[in-house]
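K.L.:
The structure's right below; bear with me while I get my questions together.
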Amino acid sequence: MTETLPGIEALKLVPKAEAVQSMKDFKSDQEVRWCPGCGDYAILAAVQGFMPQLGLAKENIVFVSGIGCSSRFPYYMNTYGMHSIHGRAPAIATGLASSRRDLSVWVVTGDGDALSIGGNHLIHALRRNVNLKILLFNNRIYGLTKGQYSPTSEVGKITKSTPMGSLDAPFNPVSLAIGAEASFVARTVDSDRKHLTEVLRQAAEHPGTALVEIYQNCNIFNDGAFEVLKDKQQAQEAVIRLEHGRPIRFGTDDAKGVVRDPATGDLKVVDVTAENEAQILVHDAHATSPTTAFALSRLADPTTLHHTPIGVFRSVDRPVYDTLMADQLEAAVEQQGKGDLAALLAGNDTWTVVG
Amino acid sequence: MTSQVSSPAGQADSAEPRGDSPPGAAPLVKEIRRLDRVIIRFAGDSGDGMQLTGDRFTSETASFGNDLSTLPNFPAEIRAPAGTLPGVSSFQLHFADHDILTPGDAPNVLVAMNPAALKANLGDVPRGGEIIVNTDEFAKRAMAKVGYDSSPLEDGTLDGYNVHPVPLTTLTIEALKEFGLSRKEAERSKNMFALGLLSWMYHRPTDSTEAFLRKKFAKKPDIAEANVTAFRAGWNFGETTEDFAVSYEVAPATSAFPAGTYRNISGNLALAYGLIAAGRQADLPLYLGSYPITPASDILHELSKHKNFGVRTFQAEDEIAGIGAALGAAFGGSLAVTTTSGPGVALKSETIGLAVSLELPLLIVDIQRGGPSTGLPTKTEQADLLQAMYGRNGEAPVPVVAPRTPADCFDAALDAARIALTYRTPVFLLSDGYLANGSEPWRIPEMDELPDLRVQFAASPNHELADGTEVFWPYKRDPQTLARPWAVPGTPGLEHRIGGIEKQDGTGNISYDPANHDFMVRTRQAKIDGIAVPDLAVDDPTGDAKLLVLGWGSTYGPITAAVRRVRAAGGTVAQAHLRHLNPFPGNLGEVLGRYEKVVVPEMNLGQLATLLRAKYLKDIRSYTQVSGMPFKAEQLADVLKEAIND
């Protein structure tokens, strides 16, 4: 009866692989050309390793990207792929996904590609809920153009284009996505393969647009940007792992937890005590209202990254654009009959000239 | 001669005796004159419904069998300030018992619904022309608003014209008094009263208008009946009032048309139908990615209505996403289209470049309007030719196809689709505001006359490596067309990656090799240069013309009308008209070389002339106009006569 689960529903039109696949099947013959030590390698390996779990015919999988380091990704996947132009991948993928419901379409993008030049396409893809899985590699820097600050860089970032420090406040991609009516929003980290893979699985099974922010280290221009989340010691206090249905606790021995402040309705971190243990927030990724998911996205300090939640913030069922589009086509045939070109061209007012 | 004219009511129900004349009025037998052609212009406020009135009169005229050509002319504002000159909206219709080519230079009849409409249009009406004027709107304030210090109806301004003063508003309200409508509601039907009057004057069939009104207002039967009543009242007014002593007949243009079934069609409608037909003939689903923009939006609206043909329409967040989605759909195997106007093309340029690099079929429909920037959104121009040709970074050649008349938009769309699908390339279809909104009779093609546009998707590996392995090379070309294979996702074994970075010939892998880039740039150019387009046909009946007039796009009508005038006056001129602007027809250089003088009229500052001079080193005489309005036949005839005598 697994066919009725929403996750399987999302992929039901995509043909299944005939044979068992392995990671090797998803490696293309192209030499990977990221800088040695780049976080992209880990993400690529995780995606290639995860794809066989989906069990989809690989010819029905398409990766579409924009421009930037991360956007070279499609070249390394032995699937169909398009390396397009800066910021436009969600638009191109929307055309592909809405015209071909038998495909599993993935967008690979970065913080500059998705949030700067392509911000408009990203928010509209999210609100439409097209059947796309968007992997946003966030390294908080421009890598391909050699080190300018990005729309997720912390204020005051010293870069080649901001020698006295950047002036603009950064986007929080998760907050932005929730604000843009996203039906699935998650965050994970390049170096945590297990977590990354689990988030990818949930994203793949989600019907509609899934946004996965992946914190990714650029060891050339912004090395160590997420060290606080990766260092085992520091991560204890910095990372909050969200799991649906579980109390939101973290820190050494789960000593800390997230509660709702009754005065403001906002969320805050507290030391868990016997008195407040019952008030610790239980994570509900399927909540209809995005309010709590948004509040969770605001817990992290943008500068220190303390109290950064990772995992699935929000995963709700909402009508999927390409399904609705296909339904309209079917309804039109039901209502008007299949299109008859001769009748259409003739219209209602004609006259005949006899030769 | 006289003949019985039946009233709309009589036509609606022929069993009913003609008893709808006002009580006591003696049945009049009025004079009927026969004309070979008439040009009518309806003019009023933008809220007066002049476009609808013109459309209805056009439909009546089309179903009567006249040849016709129309020119709607309206402001960009939805409701410009009432009663002002910029707020005037007009619709000109030329109809005849023979074949005609333009909406006509000067109207024989002007219907002026208010002082602004009179003032804005009077200059175009020759002395002796008929002017039907709505006297109710000529209050002092309304006249002062447009600078009439005294009433033009009384101060001699209209001396020499054949003026019919008609209190259209009052008569309409009077006719509708039994409907219990507010004054304002009743007034709205005054355009239908005017339409009824003109329909009587020119013996137009009226069934279709009544049916149209009942359908349009199906949810408000009261309003439907009020409009029908106003329409009939207008007809009856013409028939009974003594001011209108004469009505006119313009016989059907039976001999002007080849045998067939005809309808009236506008350029945008013909273009939309051409796209649907292309999808059917290619056996591919049609996908439109678009963003609303005047004057292209009607194509989006039209295609959105035909989902039962499997047509997907996507209204994107912006112009860039419109073409992006179309390109994505093309990758997936749809016949992909984006529709826009000049400012939208500017935004789409980068994606068009990507499509050139990806070598995927894609139609870019540009309904040109006045520019630069926002320019004149509702007026026509041909100034995007060089943008279509060159408006991209790098060497990015794109074929350009231009329809010549409203009905020709259908064939041009099929032709553009043929090129896109055969050569795996984006193609520009350059229509313009004049073609988009203008209309003319169209012989409806039989299904078996439509071209076969079916394509073969790649289904298997196309290359053998040295070690005998069979592989798929996405950039291994067809030696004839230089087109690359179209392998759509879902095809097993042909998984491949394409992108905007330069690709190695054959494999399609990223390549920065200098020699390969040089080869690829030249190959993409050679592919476009090698597109099969028919030779340019030249109309040179005497064979000894020294002067050639060469046009492209929507100037076909005025140029051809001008050529007729010149020839009728004894002048010798040859005419040719380009559909393919890139590549040019193979014989174009030879044709240009044959004539001593070549005149190229264009609604820009000489863009085609620039291309011709550069390519063929021919001294082109460029004649240009950028007024937002089409050329007039008389104006071009003078230019040609001057060139002949020069």
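By convention here, the chains of the structure tokens are called A, B, ... in the order presented, each chain's residues are numbered starting at 1, and ligands are numbered starting at 1 in the order presented.
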Show me, as a tab-separated table, the residues of chain B having an atom within 6 Å of chain A, each with the closest atom pair and its distance in Å, using only C-alpha atoms.
P.N.:
residue	atom	partner	partner_atom	distance
B:Ser63	CA	A:Trp351	CA	5.8
B:Ala259	CA	A:Gly355	CA	4.3
B:Gly260	CA	A:Val353	CA	5.3
B:Thr261	CA	A:Thr352	CA	4.3
B:Tyr262	CA	A:Trp351	CA	5.2
B:Arg263	CA	A:Thr350	CA	4.6
B:Lys307	CA	A:Leu329	CA	5.0
B:Asn308	CA	A:Val333	CA	4.5
B:Phe309	CA	A:Gly339	CA	4.4
B:Ala321	CA	A:Ala91	CA	5.0
B:Gly324	CA	A:Ile92	CA	4.5
B:Ala325	CA	A:Gly95	CA	3.7
B:Ala326	CA	A:Gly95	CA	5.8
B:Gly328	CA	A:Ile92	CA	4.4
B:Ala329	CA	A:Leu96	CA	4.5
B:Gly332	CA	A:Leu96	CA	5.7
B:Pro489	CA	A:Asn60	CA	5.8
B:Gly490	CA	A:Asn60	CA	4.5
B:Thr491	CA	A:Glu59	CA	5.9
B:Pro492	CA	A:Glu59	CA	5.2
B:Glu495	CA	A:Tyr80	CA	4.7
B:His496	CA	A:Tyr80	CA	5.0
B:Arg497	CA	A:Gly81	CA	4.4
B:Ile498	CA	A:Met82	CA	5.0
B:Gly499	CA	A:His83	CA	4.3
B:Gly500	CA	A:Ser84	CA	5.9
K.L.:
Would you mind exporting the chosen residues as a short mmCIF file (atom, residue, chain, number, x, y, z; two decimals), in the first residue's frame, restricted to N, CA and C atoms?
P.N.:
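Written output follows (again-v7.cif):
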data_model
loop_
_atom_site.label_atom_id
_atom_site.label_comp_id
_atom_site.auth_asym_id
_atom_site.auth_seq_id
_atom_site.Cartn_x
_atom_site.Cartn_y
_atom_site.Cartn_z
N SER B 63 -18.96 38.66 -43.71
CA SER B 63 -19.91 37.61 -44.05
C SER B 63 -20.73 37.98 -45.29
N ALA B 259 -11.75 30.41 -55.46
CA ALA B 259 -12.80 29.60 -54.82
C ALA B 259 -12.32 29.10 -53.47
N GLY B 260 -13.26 28.99 -52.56
CA GLY B 260 -12.90 28.48 -51.24
C GLY B 260 -13.83 29.01 -50.18
N THR B 261 -13.60 28.57 -48.97
CA THR B 261 -14.37 29.06 -47.83
C THR B 261 -13.53 30.11 -47.12
N TYR B 262 -14.17 31.22 -46.81
CA TYR B 262 -13.44 32.36 -46.25
C TYR B 262 -13.98 32.74 -44.88
N ARG B 263 -13.12 33.42 -44.13
CA ARG B 263 -13.54 34.07 -42.90
C ARG B 263 -12.70 35.34 -42.76
N LYS B 307 -6.81 24.59 -24.77
CA LYS B 307 -6.14 23.52 -24.04
C LYS B 307 -6.58 22.15 -24.54
N ASN B 308 -7.75 22.10 -25.18
CA ASN B 308 -8.20 20.80 -25.69
C ASN B 308 -7.39 20.34 -26.90
N PHE B 309 -6.49 21.23 -27.39
CA PHE B 309 -5.53 20.81 -28.41
C PHE B 309 -4.22 20.35 -27.76
N ALA B 321 11.57 34.57 -17.75
CA ALA B 321 11.03 33.26 -17.37
C ALA B 321 10.12 32.72 -18.46
N GLY B 324 12.44 31.27 -20.83
CA GLY B 324 13.15 30.19 -20.13
C GLY B 324 12.29 28.93 -20.08
N ALA B 325 11.04 29.10 -19.69
CA ALA B 325 10.14 27.95 -19.61
C ALA B 325 9.95 27.33 -21.00
N ALA B 326 9.85 28.20 -22.01
CA ALA B 326 9.69 27.68 -23.38
C ALA B 326 10.91 26.86 -23.77
N GLY B 328 12.95 25.31 -21.77
CA GLY B 328 12.91 24.06 -21.00
C GLY B 328 11.97 23.05 -21.65
N ALA B 329 10.83 23.55 -22.11
CA ALA B 329 9.85 22.68 -22.77
C ALA B 329 10.42 22.15 -24.09
N GLY B 332 12.48 19.32 -23.56
CA GLY B 332 11.65 18.15 -23.27
C GLY B 332 10.87 17.63 -24.47
N PRO B 489 14.79 13.97 -22.99
CA PRO B 489 14.86 13.19 -21.76
C PRO B 489 13.79 12.09 -21.78
N GLY B 490 14.15 10.95 -21.22
CA GLY B 490 13.25 9.80 -21.27
C GLY B 490 13.71 8.78 -22.31
N THR B 491 14.69 9.18 -23.15
CA THR B 491 15.21 8.25 -24.15
C THR B 491 16.40 7.52 -23.55
N PRO B 492 16.27 6.20 -23.33
CA PRO B 492 17.36 5.48 -22.66
C PRO B 492 18.63 5.45 -23.51
N GLU B 495 21.48 9.76 -22.56
CA GLU B 495 21.69 10.78 -21.54
C GLU B 495 22.86 11.67 -21.95
N HIS B 496 22.65 12.96 -21.90
CA HIS B 496 23.71 13.88 -22.28
C HIS B 496 23.48 15.22 -21.61
N ARG B 497 24.52 16.04 -21.60
CA ARG B 497 24.47 17.35 -20.97
C ARG B 497 24.76 18.41 -22.01
N ILE B 498 23.95 19.46 -22.00
CA ILE B 498 24.21 20.57 -22.91
C ILE B 498 24.24 21.86 -22.09
N GLY B 499 24.84 22.90 -22.66
CA GLY B 499 24.93 24.14 -21.90
C GLY B 499 25.41 25.29 -22.75
N GLY B 500 25.53 26.43 -22.10
CA GLY B 500 25.91 27.65 -22.81
C GLY B 500 27.41 27.81 -22.99
#
K.L.:
Would you pick out the contacts of Asp266 of chain A at 10 Å or less, using only C-alpha atoms, so that residues sharing its chain but fewer than 6 positions from it are not included, and give the list as a list in words?
P.N.:
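Skipping anything fewer than 6 positions along the chain leaves Val259, Arg260, Thr291, Thr292, Phe294, Ala295, Leu296, Arg298 and Leu299 of chain A.
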K.L.:
Could those selected residues go to a file with C-alpha atoms, as a PDB file, in the first residue's frame?
P.N.:
ATOM      1  CA  VAL A 259      10.148  26.824  23.720  1.00  0.00           C
ATOM      2  CA  ARG A 260       7.555  29.342  22.686  1.00  0.00           C
ATOM      3  CA  THR A 291       4.472  30.506  11.370  1.00  0.00           C
ATOM      4  CA  THR A 292       6.457  28.142  13.559  1.00  0.00           C
ATOM      5  CA  PHE A 294       9.471  30.613  10.015  1.00  0.00           C
ATOM      6  CA  ALA A 295      10.218  31.248  13.664  1.00  0.00           C
ATOM      7  CA  LEU A 296      12.571  28.272  13.681  1.00  0.00           C
ATOM      8  CA  ARG A 298      15.021  32.889  12.673  1.00  0.00           C
ATOM      9  CA  LEU A 299      16.655  31.113  15.628  1.00  0.00           C
TER      10      LEU A 299
END
K.L.:
Nearest to Thr169 of chain B among B:Leu386, B:Val356, B:Leu213, B:Ala230, with distances taken over only C-alpha atoms: which residue is it?
P.N.:
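For Thr169 of chain B, the nearest of the candidates is B:Ala230.
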K.L.:
So that I can check the secondary structure, give me every residue of segment 554-623 of chain B assigned strand (DSSP E or B) by backbone DSSP, as a ChimeraX atom specification.
P.N.:
/B:574-578,580-582,597-602,620-623
K.L.:
With N, CA and C atoms retained, export the selected residues as an mmCIF file, in the first residue's frame.
P.N.:
data_model
loop_
_atom_site.group_PDB
_atom_site.id
_atom_site.type_symbol
_atom_site.label_atom_id
_atom_site.label_comp_id
_atom_site.auth_asym_id
_atom_site.auth_seq_id
_atom_site.Cartn_x
_atom_site.Cartn_y
_atom_site.Cartn_z
ATOM 1 N N ALA B 574 8.805 47.620 -60.722
ATOM 2 C CA ALA B 574 8.800 46.220 -60.312
ATOM 3 C C ALA B 574 8.662 46.165 -58.789
ATOM 4 N N GLN B 575 8.061 45.074 -58.312
ATOM 5 C CA GLN B 575 7.846 44.957 -56.862
ATOM 6 C C GLN B 575 8.277 43.582 -56.362
ATOM 7 N N ALA B 576 8.903 43.561 -55.193
ATOM 8 C CA ALA B 576 9.224 42.299 -54.526
ATOM 9 C C ALA B 576 9.088 42.510 -53.030
ATOM 10 N N HIS B 577 8.790 41.434 -52.323
ATOM 11 C CA HIS B 577 8.562 41.552 -50.881
ATOM 12 C C HIS B 577 9.215 40.388 -50.158
ATOM 13 N N LEU B 578 10.025 40.693 -49.147
ATOM 14 C CA LEU B 578 10.791 39.666 -48.440
ATOM 15 C C LEU B 578 9.998 39.067 -47.283
ATOM 16 N N HIS B 580 11.687 36.245 -45.824
ATOM 17 C CA HIS B 580 12.857 35.771 -45.072
ATOM 18 C C HIS B 580 13.918 36.861 -45.015
ATOM 19 N N LEU B 581 14.178 37.331 -43.788
ATOM 20 C CA LEU B 581 15.166 38.392 -43.598
ATOM 21 C C LEU B 581 16.510 37.810 -43.189
ATOM 22 N N ASN B 582 16.468 36.561 -42.702
ATOM 23 C CA ASN B 582 17.703 35.852 -42.383
ATOM 24 C C ASN B 582 17.426 34.360 -42.454
ATOM 25 N N LYS B 597 17.415 51.292 -59.978
ATOM 26 C CA LYS B 597 17.078 51.963 -58.726
ATOM 27 C C LYS B 597 16.263 51.012 -57.842
ATOM 28 N N VAL B 598 16.579 51.003 -56.548
ATOM 29 C CA VAL B 598 15.828 50.179 -55.608
ATOM 30 C C VAL B 598 15.350 51.060 -54.454
ATOM 31 N N VAL B 599 14.028 51.127 -54.286
ATOM 32 C CA VAL B 599 13.459 51.873 -53.166
ATOM 33 C C VAL B 599 13.014 50.868 -52.098
ATOM 34 N N VAL B 600 13.400 51.111 -50.848
ATOM 35 C CA VAL B 600 12.991 50.245 -49.737
ATOM 36 C C VAL B 600 12.234 51.081 -48.707
ATOM 37 N N PRO B 601 10.895 50.995 -48.704
ATOM 38 C CA PRO B 601 10.124 51.712 -47.682
ATOM 39 C C PRO B 601 10.067 50.873 -46.398
ATOM 40 N N GLU B 602 10.296 51.517 -45.280
ATOM 41 C CA GLU B 602 10.273 50.804 -44.001
ATOM 42 C C GLU B 602 9.740 51.715 -42.915
ATOM 43 N N ILE B 620 20.892 51.529 -51.987
ATOM 44 C CA ILE B 620 19.457 51.455 -51.730
ATOM 45 C C ILE B 620 18.911 52.850 -51.443
ATOM 46 N N ARG B 621 17.718 53.141 -51.985
ATOM 47 C CA ARG B 621 17.035 54.379 -51.616
ATOM 48 C C ARG B 621 16.060 54.053 -50.496
ATOM 49 N N SER B 622 16.430 54.492 -49.322
ATOM 50 C CA SER B 622 15.624 54.169 -48.150
ATOM 51 C C SER B 622 14.553 55.233 -47.966
ATOM 52 N N TYR B 623 13.304 54.792 -47.837
ATOM 53 C CA TYR B 623 12.219 55.735 -47.548
ATOM 54 C C TYR B 623 11.578 55.294 -46.249
#
K.L.:
Interatomic distance between atom CA of Ala277 of chain B and atom CA of Glu440 of chain B?
P.N.:
19.5 Å
K.L.:
If you count only C-alpha atoms, which residues fall within 7 Å of Val316 of chain A, apart from same-chain ones fewer than 6 positions away, as a PDB file with N, CA and C atoms, in the first residue's frame?
P.N.:
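The new file result30.pdb reads:
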ATOM      1  N   SER A 183       6.339  24.796  -0.174  1.00  0.00           N
ATOM      2  CA  SER A 183       5.664  23.685   0.491  1.00  0.00           C
ATOM      3  C   SER A 183       6.661  22.727   1.146  1.00  0.00           C
ATOM      4  N   PHE A 184       7.936  22.831   0.752  1.00  0.00           N
ATOM      5  CA  PHE A 184       8.962  21.987   1.374  1.00  0.00           C
ATOM      6  C   PHE A 184      10.241  22.790   1.491  1.00  0.00           C
ATOM      7  N   HIS A 286       4.657  19.287   9.258  1.00  0.00           N
ATOM      8  CA  HIS A 286       3.453  19.258   8.417  1.00  0.00           C
ATOM      9  C   HIS A 286       2.407  20.278   8.845  1.00  0.00           C
ATOM     10  N   THR A 288       0.022  23.231   8.986  1.00  0.00           N
ATOM     11  CA  THR A 288      -0.512  24.011   7.866  1.00  0.00           C
ATOM     12  C   THR A 288       0.067  25.429   7.867  1.00  0.00           C
TER      13      THR A 288
END
K.L.:
Mind checking which residues fall within 12 Å of Glu198 of chain A, counting only C-alpha atoms, ignoring those fewer than 2 positions away in the same chain, and posting them as a list in words?
P.N.:
Ala46, Val47, Gly49, Phe50, Met51, Gln53, Leu54, Ala186, Arg187, Thr188, Val189, Asp192, Arg193, Lys194, His195, Leu196, Leu200, Arg201, Gln202, Ala203, Ala204, Glu205, Val212, Glu243, Ile310, Gly311 and Val312 of chain A
K.L.:
Hey, can you spit out that residue selection with N, CA and C atoms as a CSV table (one decimal), in the first residue's frame?
P.N.:
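Produced file result36.csv, reproduced below:
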chain,number,residue,atom,x,y,z
A,46,ALA,N,27.2,12.5,-2.5
A,46,ALA,CA,26.0,12.1,-1.8
A,46,ALA,C,24.8,12.0,-2.7
A,47,VAL,N,24.7,12.9,-3.7
A,47,VAL,CA,23.6,12.8,-4.7
A,47,VAL,C,23.8,11.6,-5.6
A,49,GLY,N,25.3,8.9,-4.8
A,49,GLY,CA,25.1,7.7,-4.0
A,49,GLY,C,23.6,7.5,-3.6
A,50,PHE,N,22.9,8.6,-3.6
A,50,PHE,CA,21.5,8.6,-3.2
A,50,PHE,C,20.5,8.2,-4.4
A,51,MET,N,20.9,8.6,-5.6
A,51,MET,CA,20.1,8.4,-6.7
A,51,MET,C,19.6,6.9,-6.9
A,53,GLN,N,18.8,4.9,-4.7
A,53,GLN,CA,17.7,4.6,-3.8
A,53,GLN,C,16.3,4.9,-4.4
A,54,LEU,N,16.3,5.9,-5.3
A,54,LEU,CA,15.0,6.3,-5.9
A,54,LEU,C,14.5,5.3,-6.8
A,186,ALA,N,14.1,22.7,3.5
A,186,ALA,CA,15.0,22.0,4.4
A,186,ALA,C,16.4,22.6,4.4
A,187,ARG,N,17.2,22.3,5.4
A,187,ARG,CA,18.6,22.7,5.4
A,187,ARG,C,19.5,21.6,5.8
A,188,THR,N,20.6,21.4,5.1
A,188,THR,CA,21.5,20.4,5.5
A,188,THR,C,23.0,20.9,5.3
A,189,VAL,N,23.9,20.0,5.5
A,189,VAL,CA,25.3,20.5,5.5
A,189,VAL,C,26.1,19.5,4.6
A,192,ASP,N,27.9,16.3,6.2
A,192,ASP,CA,27.1,15.3,6.9
A,192,ASP,C,26.3,14.5,5.9
A,193,ARG,N,27.0,13.5,5.4
A,193,ARG,CA,26.4,12.7,4.3
A,193,ARG,C,25.1,12.0,4.6
A,194,LYS,N,25.1,11.5,5.9
A,194,LYS,CA,23.9,10.8,6.3
A,194,LYS,C,22.7,11.8,6.3
A,195,HIS,N,22.9,12.9,6.9
A,195,HIS,CA,21.8,13.9,7.1
A,195,HIS,C,21.4,14.4,5.7
A,196,LEU,N,22.4,14.7,4.9
A,196,LEU,CA,22.2,15.2,3.5
A,196,LEU,C,21.3,14.2,2.7
A,200,LEU,N,17.6,14.7,1.2
A,200,LEU,CA,17.4,14.5,-0.3
A,200,LEU,C,16.2,13.5,-0.5
A,201,ARG,N,16.2,12.5,0.3
A,201,ARG,CA,15.1,11.5,0.1
A,201,ARG,C,13.8,12.1,0.4
A,202,GLN,N,13.7,12.9,1.5
A,202,GLN,CA,12.4,13.5,1.8
A,202,GLN,C,12.0,14.5,0.7
A,203,ALA,N,13.0,15.2,0.2
A,203,ALA,CA,12.7,16.2,-0.9
A,203,ALA,C,12.2,15.5,-2.1
A,204,ALA,N,12.9,14.4,-2.5
A,204,ALA,CA,12.5,13.7,-3.7
A,204,ALA,C,11.1,13.2,-3.6
A,205,GLU,N,10.7,12.8,-2.4
A,205,GLU,CA,9.4,12.2,-2.3
A,205,GLU,C,8.3,13.3,-2.1
A,212,VAL,N,16.1,22.8,-0.9
A,212,VAL,CA,17.0,22.3,0.1
A,212,VAL,C,18.3,23.2,0.1
A,243,GLU,N,13.5,17.1,13.8
A,243,GLU,CA,12.9,15.8,13.4
A,243,GLU,C,11.5,15.9,13.6
A,310,ILE,N,18.9,22.4,11.4
A,310,ILE,CA,19.0,21.7,10.2
A,310,ILE,C,18.0,20.6,10.1
A,311,GLY,N,17.7,20.2,8.9
A,311,GLY,CA,16.6,19.2,8.7
A,311,GLY,C,15.4,19.8,8.0
A,312,VAL,N,14.3,19.2,8.0
A,312,VAL,CA,13.1,19.6,7.3
A,312,VAL,C,12.3,20.6,8.1
